[in-house]
Amino acid sequence: MNRRSVVRYCGLLAVGSVAGCIDPGLEIISDDTDDEMDEGESDERGPNDAEPDAEEQDDERTEIETSFEVHSVDCGSGEDHAEVTVENDTVVVDGVIRGENGCYSADLSAASIDEDRLRIEVESHEDTDEELCTQCLTDVVYEAAITISDEYPSRIVVEHDGSNVVRSDLR
């Protein structure tokens, strides 16, 4: 069998295999629904499932202001550590997070409060803008500052790339 015959038969086989799958009278059904309800319809939410007003949500939410700055990236030991202090109603974390090479940097990925704990998450990442990278384990030196609108929690936890580095009790 020559190549042209094989290609022709494969093409016919492919078209024939999906021919029964296509319905020329196919109707497109829209998923858009009106927000208005018809008469006789009821909202499925129960009395306890009502959504709180925006004002109530704002009153309950603790506001967190953050700042984050990388001071340096140098060859080093590659060991993570951090120190937590409270200065003028602001939690300050001076830390070092490991980088795999000289192109690594760090970001504050999250600062959140759950129960009575402030959780500060710092992640290292490779800066893709750099073309040449120093090939050594690096120490990424950073400072994070977190100001909370309400009373401070009793415990602060600092994590680097998902691992606990520091747990500090304030009270």
# chains A, B, ... in the order shown; residues from 1 in each chain; ligands from 1
>>> residues_around(residues="Asp169 (chain A)", least_positions_apart="6", cutoff="9 Å", atoms="only C-alpha atoms", output="PyMOL selection string")
chain A and resi 153-157
>>> select_by_dssp(residues="region 85-140 of chain A", states="strand (DSSP E)", output="ChimeraX atom specification")
/A:85-87,90-99,104-114,117-126,138-140
>>> select_by_dssp(residues="region 52-132 of chain A", states="alpha helix (DSSP H)", output="number ranges by chain")
A: 54-60
>>> residues_around(residues="Val91 (chain A)", least_positions_apart="3", cutoff="9 Å", atoms="only C-alpha atoms", output="list in words")
Val84, Thr85, Val86, Glu87, Asn88, Ala144, Ala145, Ile146, Thr147, Ile148 and Ile156 of chain A
>>> residues_around(residues="region 63-80 of chain A", least_positions_apart="3", cutoff="6 Å", atoms="only C-alpha atoms", output="list in words")
Val96, Ile97, Arg98, Cys136, Leu137, Thr138, Asp139, Val140, Val141, Tyr142, Glu143, Ala144, Ala145, Ile146, Thr147, Ile148 and Ser149 of chain A
>>> write_last_selection(atoms="N, CA and C atoms", output="mmCIF file, in the first residue's frame")
data_model
loop_
_atom_site.group_PDB
_atom_site.id
_atom_site.type_symbol
_atom_site.label_atom_id
_atom_site.label_comp_id
_atom_site.auth_asym_id
_atom_site.auth_seq_id
_atom_site.Cartn_x
_atom_site.Cartn_y
_atom_site.Cartn_z
ATOM 1 N N VAL A 96 15.796 35.997 57.265
ATOM 2 C CA VAL A 96 16.627 35.504 56.170
ATOM 3 C C VAL A 96 15.958 34.235 55.660
ATOM 4 N N ILE A 97 15.681 34.195 54.359
ATOM 5 C CA ILE A 97 15.112 33.014 53.736
ATOM 6 C C ILE A 97 16.088 32.510 52.684
ATOM 7 N N ARG A 98 16.126 31.221 52.499
ATOM 8 C CA ARG A 98 17.084 30.570 51.594
ATOM 9 C C ARG A 98 16.679 30.769 50.131
ATOM 10 N N CYS A 136 25.297 29.752 44.010
ATOM 11 C CA CYS A 136 25.566 29.444 45.406
ATOM 12 C C CYS A 136 24.247 29.525 46.172
ATOM 13 N N LEU A 137 24.191 28.891 47.323
ATOM 14 C CA LEU A 137 23.030 29.082 48.188
ATOM 15 C C LEU A 137 23.060 30.516 48.674
ATOM 16 N N THR A 138 21.920 31.172 48.643
ATOM 17 C CA THR A 138 21.903 32.585 49.018
ATOM 18 C C THR A 138 21.055 32.820 50.255
ATOM 19 N N ASP A 139 21.389 33.887 50.939
ATOM 20 C CA ASP A 139 20.601 34.398 52.051
ATOM 21 C C ASP A 139 19.861 35.631 51.537
ATOM 22 N N VAL A 140 18.534 35.539 51.488
ATOM 23 C CA VAL A 140 17.708 36.670 51.086
ATOM 24 C C VAL A 140 17.277 37.366 52.378
ATOM 25 N N VAL A 141 17.858 38.537 52.637
ATOM 26 C CA VAL A 141 17.598 39.276 53.871
ATOM 27 C C VAL A 141 16.416 40.210 53.620
ATOM 28 N N TYR A 142 15.388 40.124 54.492
ATOM 29 C CA TYR A 142 14.172 40.918 54.300
ATOM 30 C C TYR A 142 13.689 41.524 55.613
ATOM 31 N N GLU A 143 12.756 42.459 55.461
ATOM 32 C CA GLU A 143 12.049 43.027 56.611
ATOM 33 C C GLU A 143 10.578 43.129 56.247
ATOM 34 N N ALA A 144 9.722 42.586 57.105
ATOM 35 C CA ALA A 144 8.273 42.677 56.934
ATOM 36 C C ALA A 144 7.708 43.450 58.116
ATOM 37 N N ALA A 145 6.768 44.352 57.841
ATOM 38 C CA ALA A 145 6.103 45.112 58.892
ATOM 39 C C ALA A 145 4.599 44.917 58.749
ATOM 40 N N ILE A 146 3.931 44.544 59.848
ATOM 41 C CA ILE A 146 2.506 44.268 59.836
ATOM 42 C C ILE A 146 1.853 45.088 60.927
ATOM 43 N N THR A 147 0.859 45.893 60.546
ATOM 44 C CA THR A 147 0.102 46.692 61.495
ATOM 45 C C THR A 147 -1.338 46.194 61.468
ATOM 46 N N ILE A 148 -1.900 45.940 62.645
ATOM 47 C CA ILE A 148 -3.249 45.393 62.767
ATOM 48 C C ILE A 148 -4.148 46.454 63.393
ATOM 49 N N SER A 149 -5.377 46.583 62.864
ATOM 50 C CA SER A 149 -6.298 47.616 63.352
ATOM 51 C C SER A 149 -6.860 47.286 64.733
#
>>> atom_distance(atom1="CA of Leu132 (chain A)", atom2="CA of Cys103 (chain A)")
7.7 Å
>>> closest_residue(among="A:Gly95, A:Glu121, A:Asn101, A:Ile113", to="Glu83 (chain A)", atoms="only C-alpha atoms")
A:Gly95
